[in-house]
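Source file structure19.cif; content: mmCIF, C-alpha atoms.
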data_protein
#
loop_
_atom_site.label_atom_id
_atom_site.label_comp_id
_atom_site.auth_asym_id
_atom_site.auth_seq_id
_atom_site.Cartn_x
_atom_site.Cartn_y
_atom_site.Cartn_z
CA MET A 1232 64.65 127.61 98.63
CA ALA A 1233 63.57 124.11 97.77
CA ALA A 1234 63.47 125.06 94.11
CA GLN A 1235 67.24 125.51 94.22
CA ARG A 1236 67.76 121.84 94.86
CA TYR A 1237 68.02 119.92 91.60
CA GLU A 1238 68.09 116.14 91.41
CA VAL A 1239 69.25 113.99 88.49
CA ARG A 1240 69.37 110.22 88.04
CA PHE A 1241 71.17 108.36 85.26
CA SER A 1242 70.08 104.75 85.02
CA GLY A 1243 71.40 101.92 82.89
CA THR A 1244 73.42 98.73 82.75
CA GLY A 1245 77.16 98.08 82.76
CA GLY A 1246 79.03 99.60 79.87
CA GLN A 1247 76.51 102.38 79.23
CA GLY A 1248 78.62 104.88 81.15
CA VAL A 1249 76.10 105.74 83.84
CA VAL A 1250 78.74 106.29 86.52
CA LEU A 1251 80.94 108.39 84.25
CA ALA A 1252 78.00 110.56 83.22
CA GLY A 1253 77.11 111.19 86.86
CA MET A 1254 80.68 112.03 87.69
CA ILE A 1255 81.06 114.50 84.83
CA LEU A 1256 77.79 116.25 85.69
CA ALA A 1257 78.83 116.42 89.35
CA GLU A 1258 82.21 117.91 88.50
CA ALA A 1259 80.74 120.38 86.01
CA ALA A 1260 78.33 121.71 88.63
CA GLY A 1261 80.66 121.38 91.62
CA LEU A 1262 84.27 121.91 90.60
CA PHE A 1263 83.55 124.20 87.64
CA GLY A 1264 80.16 125.66 88.54
CA GLY A 1265 80.68 126.47 92.21
CA ARG A 1266 77.53 124.64 93.31
CA HIS A 1267 77.21 122.24 96.19
CA VAL A 1268 77.02 118.77 94.72
CA VAL A 1269 76.70 115.26 96.08
CA GLN A 1270 77.03 112.36 93.68
CA THR A 1271 75.94 108.90 94.76
CA VAL A 1272 76.30 105.50 93.12
CA SER A 1273 74.70 102.38 94.56
CA TYR A 1274 75.82 98.84 93.81
CA GLY A 1275 75.03 95.43 95.06
CA PRO A 1276 72.35 92.81 95.30
CA GLN A 1277 69.69 95.51 95.40
CA VAL A 1278 70.65 96.50 91.88
CA ARG A 1279 68.26 94.14 90.13
CA GLY A 1280 68.96 92.95 86.61
CA GLY A 1281 72.30 94.66 86.50
CA ASN A 1282 70.68 98.08 86.40
CA SER A 1283 72.63 100.73 88.24
CA ASN A 1284 71.92 104.33 89.12
CA ALA A 1285 74.18 107.34 89.39
CA GLU A 1286 72.47 110.18 91.20
CA VAL A 1287 73.52 113.81 91.41
CA VAL A 1288 72.03 116.35 93.79
CA ILE A 1289 72.94 119.97 93.00
CA SER A 1290 72.14 122.97 95.15
CA GLU A 1291 73.14 126.55 95.82
CA GLU A 1292 73.10 125.69 99.51
CA GLU A 1293 74.66 122.96 101.59
CA ILE A 1294 73.09 119.59 100.93
CA ASP A 1295 71.86 117.86 104.04
CA HIS A 1296 70.16 114.92 102.35
CA PRO A 1297 72.54 113.34 99.82
CA LYS A 1298 70.02 111.02 98.13
CA PRO A 1299 67.33 112.23 95.73
CA ILE A 1300 63.91 112.85 97.23
CA ALA A 1301 62.08 113.68 93.99
CA LEU A 1302 63.82 113.78 90.62
CA ASP A 1303 63.93 116.88 88.47
CA LEU A 1304 65.54 114.95 85.65
CA LEU A 1305 65.63 111.25 84.84
CA VAL A 1306 68.01 109.97 82.14
CA PRO A 1307 67.29 106.27 81.58
CA PHE A 1308 69.31 104.18 79.15
CA THR A 1309 67.14 101.09 79.70
CA GLN A 1310 63.41 100.39 79.96
CA GLN A 1311 63.87 99.12 83.51
CA GLY A 1312 65.70 102.28 84.51
CA CYS A 1313 62.84 104.33 83.10
CA ASP A 1314 60.11 102.33 84.80
CA GLU A 1315 61.80 102.48 88.20
CA GLY A 1316 62.92 106.09 87.98
CA ALA A 1317 59.56 107.40 86.79
CA LYS A 1318 58.11 106.62 90.21
CA LEU A 1319 60.51 109.11 91.78
CA LEU A 1320 59.85 112.03 89.42
CA LYS A 1321 58.66 115.40 90.65
CA PRO A 1322 55.30 116.46 89.20
CA LYS A 1323 57.16 118.66 86.72
CA GLY A 1324 60.20 116.42 86.43
CA ILE A 1325 61.51 115.67 82.95
CA VAL A 1326 62.53 112.34 81.42
CA LEU A 1327 65.32 112.73 78.87
CA LEU A 1328 65.27 109.56 76.81
CA ASP A 1329 66.15 107.99 73.50
CA PRO A 1330 62.93 106.50 72.05
CA GLU A 1331 65.01 103.71 70.53
CA MET A 1332 66.43 102.73 73.93
CA VAL A 1333 63.25 103.25 75.93
CA THR A 1334 60.22 102.31 73.91
CA GLN A 1335 57.53 102.42 76.59
CA MET A 1336 57.42 105.98 77.82
CA PRO A 1337 56.00 106.90 81.20
CA GLU A 1338 53.38 109.52 81.90
CA GLY A 1339 54.81 113.00 82.38
CA TRP A 1340 57.11 115.46 80.69
CA ILE A 1341 59.21 113.72 78.09
CA ALA A 1342 62.21 115.10 76.20
CA PRO A 1343 62.76 112.58 73.40
CA LEU A 1344 66.21 112.73 71.85
CA PRO A 1345 67.88 110.15 69.60
CA LEU A 1346 70.97 110.02 71.84
CA LYS A 1347 72.48 106.96 70.20
CA ARG A 1348 71.97 108.20 66.66
CA ILE A 1349 73.42 111.62 67.52
CA ALA A 1350 76.44 109.91 69.09
CA LEU A 1351 76.90 107.72 66.06
CA GLU A 1352 76.67 110.63 63.63
CA ALA A 1353 78.97 112.90 65.64
CA THR A 1354 81.63 110.38 66.64
CA GLY A 1355 80.99 107.05 64.91
CA LYS A 1356 80.37 105.52 68.37
CA GLY A 1357 76.79 104.87 69.43
CA GLN A 1358 77.93 104.02 72.95
CA MET A 1359 78.69 107.69 73.58
CA ALA A 1360 74.98 108.33 74.12
CA ASN A 1361 75.83 109.09 77.75
CA ILE A 1362 78.07 112.01 76.74
CA VAL A 1363 75.47 113.25 74.26
CA SER A 1364 72.96 113.32 77.11
CA LEU A 1365 75.28 115.61 79.07
CA GLY A 1366 75.13 118.14 76.25
CA ALA A 1367 71.34 118.13 76.45
CA ILE A 1368 71.51 118.45 80.24
CA ALA A 1369 73.55 121.63 79.83
CA VAL A 1370 70.38 123.06 78.25
CA LEU A 1371 67.86 121.52 80.64
CA CYS A 1372 69.58 121.99 84.01
CA PRO A 1373 69.79 125.57 85.32
CA HIS A 1374 72.86 124.79 87.43
CA VAL A 1375 75.23 123.76 84.62
CA THR A 1376 76.61 125.72 81.69
CA ILE A 1377 78.00 124.09 78.56
CA GLU A 1378 81.36 125.70 79.37
CA ALA A 1379 81.51 123.95 82.76
CA MET A 1380 80.42 120.71 81.15
CA ARG A 1381 83.17 120.99 78.55
CA MET A 1382 85.79 121.48 81.29
CA ALA A 1383 84.54 118.44 83.18
CA VAL A 1384 84.43 116.30 80.02
CA ARG A 1385 87.97 117.31 79.11
CA GLU A 1386 89.08 116.38 82.63
CA ARG A 1387 87.44 112.95 82.70
CA ALA A 1388 87.73 111.72 79.12
CA PRO A 1389 90.32 108.97 78.68
CA ARG A 1390 93.60 110.43 77.46
CA GLY A 1391 93.60 110.82 73.70
CA LEU A 1392 89.80 110.74 73.47
CA GLU A 1393 89.17 114.29 74.70
CA GLU A 1394 88.22 115.68 71.31
CA ILE A 1395 85.83 112.89 70.42
CA PHE A 1396 84.13 113.23 73.82
CA LEU A 1397 83.75 116.96 73.23
CA LYS A 1398 82.23 116.30 69.81
CA ALA A 1399 79.60 114.06 71.38
CA LEU A 1400 78.90 116.66 74.07
CA ASP A 1401 78.56 119.52 71.60
CA ALA A 1402 76.31 117.46 69.34
CA GLY A 1403 73.95 116.84 72.24
CA TYR A 1404 74.00 120.50 73.13
CA SER A 1405 73.38 121.76 69.61
CA VAL A 1406 70.20 119.73 69.14
CA ALA A 1407 68.96 120.70 72.57
CA ASP A 1408 67.51 124.04 71.54
CA SER A 1409 65.18 122.45 69.06
CA MET A 1410 64.52 119.81 71.70
CA ARG A 1411 63.13 122.38 74.08
CA GLU A 1412 60.01 122.58 71.95
CA LYS A 1413 59.79 118.83 71.75
CA ILE A 1414 59.36 118.43 75.48
CA THR A 1415 55.78 117.34 75.74
CA PHE A 1416 53.50 116.12 78.44
CA ARG A 1417 52.49 112.56 77.85
CA GLU A 1418 49.21 111.43 79.37
CA ALA A 1419 48.90 108.03 80.94
CA PRO A 1420 47.81 105.59 78.25
CA SER A 1421 44.12 104.75 78.39
CA PRO A 1422 43.26 101.16 79.32
CA GLU A 1423 42.36 100.43 75.68
CA ASP A 1424 45.89 101.23 74.48
CA MET Y 756 74.51 93.99 112.93
CA ALA Y 757 76.16 97.39 113.12
CA ALA Y 758 79.57 95.71 112.83
CA GLN Y 759 78.69 94.64 109.31
CA ARG Y 760 78.62 98.23 108.17
CA TYR Y 761 82.06 99.35 107.01
CA GLU Y 762 82.87 102.95 106.13
CA VAL Y 763 85.84 104.21 104.12
CA ARG Y 764 86.91 107.72 103.15
CA PHE Y 765 89.57 108.63 100.59
CA SER Y 766 90.64 112.24 100.86
CA GLY Y 767 92.95 114.28 98.65
CA THR Y 768 93.25 116.99 96.04
CA GLY Y 769 92.65 116.99 92.30
CA GLY Y 770 94.81 114.56 90.36
CA GLN Y 771 95.40 112.20 93.27
CA GLY Y 772 92.73 109.84 92.04
CA VAL Y 773 90.47 110.00 95.07
CA VAL Y 774 87.27 109.57 93.05
CA LEU Y 775 88.67 106.70 91.01
CA ALA Y 776 89.86 104.89 94.14
CA GLY Y 777 86.41 105.20 95.70
CA MET Y 778 84.76 103.94 92.55
CA ILE Y 779 87.03 100.91 92.25
CA LEU Y 780 86.52 99.96 95.90
CA ALA Y 781 82.75 100.38 95.50
CA GLU Y 782 82.66 98.19 92.41
CA ALA Y 783 84.93 95.55 93.96
CA ALA Y 784 82.63 95.22 96.98
CA GLY Y 785 79.35 95.76 95.13
CA LEU Y 786 79.57 94.42 91.60
CA PHE Y 787 82.15 91.71 92.29
CA GLY Y 788 81.68 91.07 96.02
CA GLY Y 789 77.90 90.98 96.25
CA ARG Y 790 77.76 93.51 99.07
CA HIS Y 791 75.45 96.48 99.34
CA VAL Y 792 77.49 99.56 98.56
CA VAL Y 793 76.86 103.27 98.35
CA GLN Y 794 79.62 105.51 97.06
CA THR Y 795 79.39 109.25 97.58
CA VAL Y 796 81.47 112.12 96.28
CA SER Y 797 80.93 115.70 97.38
CA TYR Y 798 82.06 118.74 95.44
CA GLY Y 799 81.63 122.44 95.69
CA PRO Y 800 82.35 125.48 97.78
CA GLN Y 801 82.30 123.34 100.92
CA VAL Y 802 85.35 121.50 99.62
CA ARG Y 803 87.90 123.80 101.16
CA GLY Y 804 91.38 124.11 99.76
CA GLY Y 805 90.54 121.86 96.86
CA ASN Y 806 90.36 118.83 99.12
CA SER Y 807 87.75 116.33 98.08
CA ASN Y 808 86.40 113.17 99.64
CA ALA Y 809 85.17 109.94 98.13
CA GLU Y 810 83.26 107.87 100.64
CA VAL Y 811 82.21 104.26 100.40
CA VAL Y 812 79.78 102.54 102.74
CA ILE Y 813 79.72 98.74 102.50
CA SER Y 814 77.29 96.42 104.21
CA GLU Y 815 75.83 92.96 104.10
CA GLU Y 816 72.43 94.55 104.52
CA GLU Y 817 70.61 97.34 102.78
CA ILE Y 818 72.12 100.72 103.49
CA ASP Y 819 69.66 103.22 104.83
CA HIS Y 820 72.10 106.02 105.60
CA PRO Y 821 74.36 106.60 102.56
CA LYS Y 822 76.89 108.92 104.24
CA PRO Y 823 79.51 107.74 106.73
CA ILE Y 824 78.62 108.06 110.39
CA ALA Y 825 81.95 106.89 111.84
CA LEU Y 826 84.86 105.79 109.65
CA ASP Y 827 86.39 102.33 109.86
CA LEU Y 828 89.12 103.33 107.47
CA LEU Y 829 90.53 106.71 106.46
CA VAL Y 830 92.91 106.97 103.50
CA PRO Y 831 94.22 110.55 103.33
CA PHE Y 832 96.55 111.70 100.57
CA THR Y 833 96.97 115.16 102.11
CA GLN Y 834 97.57 116.54 105.61
CA GLN Y 835 94.28 118.41 105.45
CA GLY Y 836 92.42 115.27 104.49
CA CYS Y 837 93.96 113.49 107.45
CA ASP Y 838 93.19 116.26 109.93
CA GLU Y 839 89.56 116.52 108.85
CA GLY Y 840 88.92 112.80 108.51
CA ALA Y 841 90.49 111.86 111.84
CA LYS Y 842 87.60 113.60 113.61
CA LEU Y 843 85.20 111.11 112.05
CA LEU Y 844 87.08 107.92 112.94
CA LYS Y 845 85.57 105.13 114.98
CA PRO Y 846 87.42 104.39 118.24
CA LYS Y 847 89.08 101.43 116.51
CA GLY Y 848 89.15 103.00 113.06
CA ILE Y 849 92.39 102.78 111.08
CA VAL Y 850 94.25 105.48 109.17
CA LEU Y 851 96.10 104.10 106.16
CA LEU Y 852 98.67 106.73 105.23
CA ASP Y 853 101.95 107.41 103.53
CA PRO Y 854 104.24 109.09 106.11
CA GLU Y 855 105.79 111.11 103.28
CA MET Y 856 102.40 112.52 102.24
CA VAL Y 857 100.98 112.98 105.72
CA THR Y 858 103.69 113.99 108.14
CA GLN Y 859 101.61 114.90 111.18
CA MET Y 860 99.81 111.74 112.21
CA PRO Y 861 96.68 111.81 114.31
CA GLU Y 862 96.03 109.88 117.48
CA GLY Y 863 94.69 106.38 116.90
CA TRP Y 864 95.44 103.26 114.92
CA ILE Y 865 97.86 104.06 112.12
CA ALA Y 866 98.87 101.81 109.23
CA PRO Y 867 101.91 103.56 107.76
CA LEU Y 868 102.72 102.50 104.20
CA PRO Y 869 105.02 104.23 101.71
CA LEU Y 870 102.29 104.27 99.04
CA LYS Y 871 104.12 106.61 96.70
CA ARG Y 872 107.42 104.77 96.89
CA ILE Y 873 105.72 101.41 96.35
CA ALA Y 874 103.92 102.84 93.32
CA LEU Y 875 107.14 104.26 91.95
CA GLU Y 876 109.02 101.00 92.40
CA ALA Y 877 106.24 98.82 90.97
CA THR Y 878 105.19 101.00 88.03
CA GLY Y 879 107.55 103.94 87.71
CA LYS Y 880 104.63 106.25 88.50
CA GLY Y 881 104.40 107.73 91.99
CA GLN Y 882 100.93 109.06 91.27
CA MET Y 883 99.55 105.54 91.38
CA ALA Y 884 99.62 105.69 95.18
CA ASN Y 885 95.81 105.54 95.08
CA ILE Y 886 95.85 102.14 93.36
CA VAL Y 887 98.54 100.88 95.75
CA SER Y 888 96.25 101.86 98.63
CA LEU Y 889 93.52 99.65 97.17
CA GLY Y 890 95.84 96.64 97.41
CA ALA Y 891 96.37 97.35 101.09
CA ILE Y 892 92.62 97.81 101.58
CA ALA Y 893 92.07 94.30 100.21
CA VAL Y 894 93.94 93.16 103.32
CA LEU Y 895 92.39 95.58 105.80
CA CYS Y 896 88.73 95.52 104.78
CA PRO Y 897 86.81 92.30 105.50
CA HIS Y 898 84.31 92.96 102.70
CA VAL Y 899 86.75 92.96 99.76
CA THR Y 900 88.97 90.23 98.37
CA ILE Y 901 92.00 90.91 96.22
CA GLU Y 902 90.29 88.94 93.43
CA ALA Y 903 87.30 91.29 93.45
CA MET Y 904 89.63 94.28 93.59
CA ARG Y 905 91.55 92.99 90.57
CA MET Y 906 88.33 92.63 88.59
CA ALA Y 907 87.27 96.17 89.45
CA VAL Y 908 90.71 97.60 88.62
CA ARG Y 909 90.74 95.83 85.27
CA GLU Y 910 87.30 97.27 84.56
CA ARG Y 911 88.14 100.86 85.45
CA ALA Y 912 91.76 101.24 84.35
CA PRO Y 913 92.14 103.36 81.20
CA ARG Y 914 92.45 101.13 78.16
CA GLY Y 915 96.03 99.96 77.65
CA LEU Y 916 96.98 100.66 81.27
CA GLU Y 917 95.28 97.62 82.81
CA GLU Y 918 98.51 95.74 83.48
CA ILE Y 919 100.31 98.65 85.07
CA PHE Y 920 97.29 99.30 87.31
CA LEU Y 921 97.29 95.65 88.37
CA LYS Y 922 101.00 95.86 89.16
CA ALA Y 923 100.37 98.78 91.50
CA LEU Y 924 97.46 96.96 93.12
CA ASP Y 925 99.43 93.75 93.66
CA ALA Y 926 102.41 95.65 95.06
CA GLY Y 927 100.15 97.27 97.64
CA TYR Y 928 98.64 93.92 98.49
CA SER Y 929 101.94 92.09 98.83
CA VAL Y 930 103.36 94.50 101.39
CA ALA Y 931 100.11 94.48 103.33
CA ASP Y 932 100.81 91.31 105.26
CA SER Y 933 103.94 92.73 106.79
CA MET Y 934 101.96 95.94 107.29
CA ARG Y 935 99.48 94.18 109.53
CA GLU Y 936 102.11 94.08 112.25
CA LYS Y 937 103.00 97.70 111.66
CA ILE Y 938 99.54 98.94 112.57
CA THR Y 939 100.18 100.66 115.84
CA PHE Y 940 98.20 102.79 118.22
CA ARG Y 941 99.58 106.28 118.34
CA GLU Y 942 98.93 108.25 121.50
CA ALA Y 943 98.05 111.90 121.31
CA PRO Y 944 101.28 113.91 121.36
CA SER Y 945 102.02 115.49 124.71
CA PRO Y 946 101.86 119.30 124.82
CA GLU Y 947 105.68 119.49 124.87
CA ASP Y 948 106.01 117.73 121.50
#
Starting from the file, lay out its structure as structure tokens.
Amino acid sequence: MAAQRYEVRFSGTGGQGVVLAGMILAEAAGLFGGRHVVQTVSYGPQVRGGNSNAEVVISEEEIDHPKPIALDLLVPFTQQGCDEGAKLLKPKGIVLLDPEMVTQMPEGWIAPLPLKRIALEATGKGQMANIVSLGAIAVLCPHVTIEAMRMAVRERAPRGLEEIFLKALDAGYSVADSMREKITFREAPSPED
Amino acid sequence: MAAQRYEVRFSGTGGQGVVLAGMILAEAAGLFGGRHVVQTVSYGPQVRGGNSNAEVVISEEEIDHPKPIALDLLVPFTQQGCDEGAKLLKPKGIVLLDPEMVTQMPEGWIAPLPLKRIALEATGKGQMANIVSLGAIAVLCPHVTIEAMRMAVRERAPRGLEEIFLKALDAGYSVADSMREKITFREAPSPED
């Protein structure tokens, strides 16, 4: 039963679209996927260095504990977000990251994806890395289909920008199959490194 | 210490802007007010009749329990949202409602405000009742100033609509002083009613 619970954290600073990404994932899985979903965003003095987290817990059953216990998927848009989130990963949890945005990778399963570059190529806007990541999540997360994600993106994109948001989403999704093979376990660096 | 914890629930159906209202309140209190804030949105099969809740817990201290325990403020945009939320109110909790949107009022402290009509008069758009409610909350909630709320609204309004969002916010705020006196305790209706 526990395997049905799936926990995601997006982590980044203001303007990177962390909250929007969490909301779209939550609506894709909840409103359009029929799953139980709780989305949580924390703000305040505890958010050091302007880093903020949007967390989404998805389950086929009712969710009694709304906050993540151990992450299945971490999507950091900053080094700090990666360092902090890595401590909460499940043993087989995956870190979906852009090696240009997060240069020091943690130990564990890493899915490296040039989110920013994909966003730039697909839409001309590098800041749509958050939406690109949602396309990749549609491959990685068993609770969300790309169809549900598209519905949620269409719903939440600012009016007039629906098509460009969908382009970013689809670009992330289309590279995700090749990405599957790129998910590799990274050992802790040896002290000499 | 417990008095410092302040719990708000927005409740409504799709398109009423429940999630956006929760997000703006959370950012006003957290990003711009320096409080600890956790915002939670739940989706899924448990959301009966398409009603969804956005909940915001605000505190001067770290928040250990992210979900509301007893509401200080309920803001329902539907009858169902009012009926369900009223069960979770604190003894002195307040229900901020539009008597045209919620016709059967619960027992307790009621702040009646024609949110839709105020929105329509201020902006020409009745669906901005959610933003009007935020102006009133700046009066009701001790953790949020109107200045912080304005900053959060400006941040989250769709591009090009910032000024109209601020108009709705300010309209809600400006009627809120007179509203203070309108907050009245409503007894449970007698069985003959």
Next item on the list: Please return, as a PyMOL selection string, all residues of chain Y lying within 10 Å of chain A when all atoms listed in the file are considered.
Entry: chain Y and resi 769-770+774+778+781-802+805+807+809-818+820-822+910+912-914
Next item on the list: Provide the CA of Tyr1237 (chain A) to CA of Lys1323 (chain A) distance in Å, to one decimal place.
Entry: 12.0 Å
Next item on the list: Decode the PyMOL selection byres ((chain Y and resi 887) around 8) for the given file into explicit residues and return them as a ChimeraX atom specification.
Entry: /Y:870,873-874,883-886,888-891,923-928
Check: On this structure, which residues satisfy the PyMOL selection byres ((chain Y and resi 852-861) around 8), written as a PyMOL selection string?
Finding: chain Y and resi 830-834+837-838+841+850-851+862-863+865-871+941+943
Next item on the list: Rounded to one decimal place, report the CA of Arg1381 (chain A)-CA of Glu917 (chain Y) distance in Å.
Entry: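 About the pair CA of Arg1381 (chain A) and CA of Glu917 (chain Y): they are 26.7 Å apart.
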Notebook entry, point to check: What does the PyMOL selection byres ((chain A and resi 1320) around 8) select in this file, as a ChimeraX atom specification?
Noted result: /A:1301-1305,1316-1319,1321-1325
Margin query: I'd like the interatomic distance between CA of Glu918 (chain Y) and CA of Gly777 (chain Y), to a tenth of an Å.
Written below: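 Separation between CA of Glu918 (chain Y) and CA of Gly777 (chain Y): 19.6 Å.
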